[in-house]
Amino acid sequence: MEKKVIFVLVIILLIIMGKMCRGELFEPTMQQETTEDTAIERTTEMEESIVTDKEEFAKQEKQTNSGKEETIKEETIKEETKETTKKKTKETTKDASNKIAQSEDYMELYPDMYVKKQAKIPLATVDEDVLGFRKYMMSYPIQNAIQNKKKVAYLTFDDGPSENTIKVLEILRKHNIKATFFMIAETITPDQYELIQEMIKEGHTIGIHTYSHNYRQIYSSVKAYLEDFYLAYKKIYEVTGMQPTIFRFPGGSYNCYMKGMREKVIDEMNRRGFNYYDWQVSAEDSVGNPSRASITRNVLKDFKKYQKPIILMHDSSINALTVQALDIIIQTMKEEGYEFDTVDRR
Ligand SMILES: [Zn+2]
């Protein structure tokens, strides 16, 4: 009996062990496992949420950082702007003070180098006593129109005086016309004083070209330009007894040496009352290898394009060919209906 009980017990034990091995009897363990799984899941979730949180945090941090960065950026920009503004203000102030310093620098120079701004010569002279005001009002525009239709050429000679100036004057006399001479004052010798005074008496106009004709020197600064101009101004004043009021920039007002100071020089010369004249037609008699034919051709091919052409020629000692070409140039222009006058009357 006892053996039977032990046998049964052993069998039951074996069954239980078998169940145990298949996990049927340990539900709670399984549950535990499940719980563990859940826990794992939860952990994962938690981790994920932590990760998410972390991400969120990172994001937030990033945002905060980027916010910070932006703030920093903004601040940097603000700082930079401040700096730039400061710099600009500084520069402007510097510029302004420079300008003032510069302006004052040269504006106060040569107080005797001022001329009265030349008023334009009236186009029509009207005798109001004879014609009366009404007639004046009617005739003035007509007179103007007639005057405006006139073709007038302005011959200008640079770089003189020289022995060629005398020859040029002879031709002008022959044609009974007036011209303008922009002189290099340094080359004026005492034996030429009389000639120059005679030129003025004959109705020609003497203008300033330069004293030294040294481009690099005179265009090195506004001051240097004024210094050169002042020497020429004084010399011509001394020779003629008259203030020269017109001038021509060596190389013209658009030469490359003048770059950067052009406006300043022109403003200053205008402020002092001087008028400058460039040209529309060039004889090209002072560049390359000119010939009598090329000089003639250069003027004659272009002058008709303008109703009031200013013509550039030269009367220095090297310009004998210009003298040779001059007569035919004037003759042809006259035949085309052009009158001649000095450029200050333009
Ligand atoms: Zn010149």
# chains A, B, ... in the order shown; residues from 1 in each chain; ligands from 1
call {"tool": "residues_near_ligand", "arguments": {"ligand": "ligand 1", "cutoff": "8 Å", "atoms": "only C-alpha atoms and all ligand atoms", "output": "mmCIF file with N, CA and C atoms, in the first residue's frame"}}
result
data_model
loop_
_atom_site.group_PDB
_atom_site.id
_atom_site.type_symbol
_atom_site.label_atom_id
_atom_site.label_comp_id
_atom_site.auth_asym_id
_atom_site.auth_seq_id
_atom_site.Cartn_x
_atom_site.Cartn_y
_atom_site.Cartn_z
ATOM 1 N N ASP A 158 46.300 126.267 -78.147
ATOM 2 C CA ASP A 158 46.949 125.935 -76.865
ATOM 3 C C ASP A 158 48.475 125.946 -77.001
ATOM 4 N N ASP A 159 49.124 126.025 -75.858
ATOM 5 C CA ASP A 159 50.575 125.797 -75.709
ATOM 6 C C ASP A 159 51.483 126.923 -76.204
ATOM 7 N N ILE A 184 50.819 128.760 -72.149
ATOM 8 C CA ILE A 184 51.691 128.168 -71.125
ATOM 9 C C ILE A 184 52.518 129.323 -70.579
ATOM 10 N N HIS A 209 46.311 128.311 -69.778
ATOM 11 C CA HIS A 209 46.366 126.866 -70.009
ATOM 12 C C HIS A 209 47.029 126.241 -68.777
ATOM 13 N N THR A 210 48.209 126.697 -68.467
ATOM 14 C CA THR A 210 48.952 126.187 -67.312
ATOM 15 C C THR A 210 50.215 127.025 -67.153
ATOM 16 N N HIS A 213 52.766 123.026 -67.504
ATOM 17 C CA HIS A 213 52.307 121.997 -68.446
ATOM 18 C C HIS A 213 52.797 120.609 -68.043
ATOM 19 N N PHE A 249 41.965 123.234 -69.174
ATOM 20 C CA PHE A 249 42.775 122.242 -68.446
ATOM 21 C C PHE A 249 43.766 121.587 -69.409
ATOM 22 N N PRO A 250 45.022 121.460 -69.038
ATOM 23 C CA PRO A 250 45.935 120.677 -69.867
ATOM 24 C C PRO A 250 45.387 119.253 -70.013
ATOM 25 N N GLY A 251 45.236 118.827 -71.254
ATOM 26 C CA GLY A 251 44.646 117.499 -71.499
ATOM 27 C C GLY A 251 43.127 117.518 -71.504
ATOM 28 N N HIS A 314 46.994 124.071 -81.884
ATOM 29 C CA HIS A 314 48.145 124.475 -81.070
ATOM 30 C C HIS A 314 49.010 125.487 -81.804
#
call {"tool": "select_by_dssp", "arguments": {"residues": "region 145-231 of chain A", "states": "strand (DSSP E or B)", "output": "list in words"}}
result
Val152, Ala153, Tyr154, Leu155, Thr156, Phe157, Asp158, Asp159, Gly160, Thr180, Phe181, Phe182, Met183, Ile184, Thr205, Ile206, Gly207, Ile208, His209 and Thr210 of chain A
call {"tool": "closest_residue", "arguments": {"among": "A:Val343, A:Met107, A:Met269, A:Met333", "to": "Lys178 (chain A)", "atoms": "only C-alpha atoms"}}
result
A:Val343
call {"tool": "residues_around", "arguments": {"residues": "Tyr338 (chain A)", "least_positions_apart": "4", "cutoff": "7 Å", "atoms": "only C-alpha atoms", "output": "JSON, numbers by chain"}}
result
{"A": [151, 152, 153, 333, 334]}
call {"tool": "write_last_selection", "arguments": {"atoms": "C-alpha atoms", "output": "PDB file, in the first residue's frame"}}
result
ATOM      1  CA  LYS A 151      26.896 129.345 -87.013  1.00  0.00           C
ATOM      2  CA  VAL A 152      29.917 130.465 -85.046  1.00  0.00           C
ATOM      3  CA  ALA A 153      33.273 128.700 -84.855  1.00  0.00           C
ATOM      4  CA  MET A 333      34.513 127.234 -92.725  1.00  0.00           C
ATOM      5  CA  LYS A 334      33.645 130.707 -93.956  1.00  0.00           C
TER       6      LYS A 334
END
call {"tool": "residues_around", "arguments": {"residues": "Glu198 (chain A)", "least_positions_apart": "6", "cutoff": "10 Å", "atoms": "only C-alpha atoms", "output": "list in words"}}
result
Gln192, His204 and Thr240 of chain A
call {"tool": "closest_residue", "arguments": {"among": "A:Ser282, A:Lys167, A:Met113, A:Ile236", "to": "Gly252 (chain A)", "atoms": "only C-alpha atoms"}}
result
A:Ser282
call {"tool": "residues_around", "arguments": {"residues": "region 256-267 of chain A", "least_positions_apart": "2", "cutoff": "8 Å", "atoms": "only C-alpha atoms", "output": "MDAnalysis selection string"}}
result
chainID A and resid 215:216 219:222 225 253:254 269:271
call {"tool": "write_last_selection", "arguments": {"atoms": "N, CA and C atoms", "output": "PDB file, in the first residue's frame"}}
result
ATOM      1  N   TYR A 215      51.826 117.563 -66.376  1.00  0.00           N
ATOM      2  CA  TYR A 215      50.578 116.904 -65.946  1.00  0.00           C
ATOM      3  C   TYR A 215      50.691 116.244 -64.568  1.00  0.00           C
ATOM      4  N   ARG A 216      51.768 115.466 -64.388  1.00  0.00           N
ATOM      5  CA  ARG A 216      51.917 114.722 -63.133  1.00  0.00           C
ATOM      6  C   ARG A 216      51.968 115.659 -61.937  1.00  0.00           C
ATOM      7  N   TYR A 219      48.419 117.823 -61.589  1.00  0.00           N
ATOM      8  CA  TYR A 219      47.252 117.037 -61.199  1.00  0.00           C
ATOM      9  C   TYR A 219      47.529 116.115 -60.010  1.00  0.00           C
ATOM     10  N   SER A 220      48.576 116.428 -59.240  1.00  0.00           N
ATOM     11  CA  SER A 220      48.863 115.578 -58.086  1.00  0.00           C
ATOM     12  C   SER A 220      47.920 115.891 -56.922  1.00  0.00           C
ATOM     13  N   SER A 221      47.352 117.082 -56.888  1.00  0.00           N
ATOM     14  CA  SER A 221      46.344 117.428 -55.879  1.00  0.00           C
ATOM     15  C   SER A 221      45.669 118.735 -56.286  1.00  0.00           C
ATOM     16  N   VAL A 222      44.575 119.038 -55.601  1.00  0.00           N
ATOM     17  CA  VAL A 222      43.870 120.297 -55.884  1.00  0.00           C
ATOM     18  C   VAL A 222      44.815 121.469 -55.598  1.00  0.00           C
ATOM     19  N   TYR A 225      47.280 121.874 -58.296  1.00  0.00           N
ATOM     20  CA  TYR A 225      46.670 122.493 -59.475  1.00  0.00           C
ATOM     21  C   TYR A 225      46.573 124.007 -59.281  1.00  0.00           C
ATOM     22  N   SER A 253      39.309 118.661 -69.604  1.00  0.00           N
ATOM     23  CA  SER A 253      38.793 118.428 -68.249  1.00  0.00           C
ATOM     24  C   SER A 253      38.514 116.954 -67.966  1.00  0.00           C
ATOM     25  N   TYR A 254      38.660 116.085 -68.991  1.00  0.00           N
ATOM     26  CA  TYR A 254      38.401 114.656 -68.766  1.00  0.00           C
ATOM     27  C   TYR A 254      39.673 113.813 -68.859  1.00  0.00           C
ATOM     28  N   MET A 269      37.438 126.100 -59.051  1.00  0.00           N
ATOM     29  CA  MET A 269      37.683 127.103 -60.100  1.00  0.00           C
ATOM     30  C   MET A 269      36.408 127.894 -60.377  1.00  0.00           C
ATOM     31  N   ASN A 270      35.270 127.208 -60.352  1.00  0.00           N
ATOM     32  CA  ASN A 270      33.985 127.911 -60.524  1.00  0.00           C
ATOM     33  C   ASN A 270      33.752 128.891 -59.386  1.00  0.00           C
ATOM     34  N   ARG A 271      34.070 128.438 -58.161  1.00  0.00           N
ATOM     35  CA  ARG A 271      33.879 129.277 -56.985  1.00  0.00           C
ATOM     36  C   ARG A 271      34.711 130.547 -57.104  1.00  0.00           C
TER      37      ARG A 271
END
call {"tool": "closest_residue", "arguments": {"among": "A:Ala224, A:Ile6, A:Ile166, A:Ile295", "to": "Leu109 (chain A)", "atoms": "only C-alpha atoms"}}
result
A:Ala224
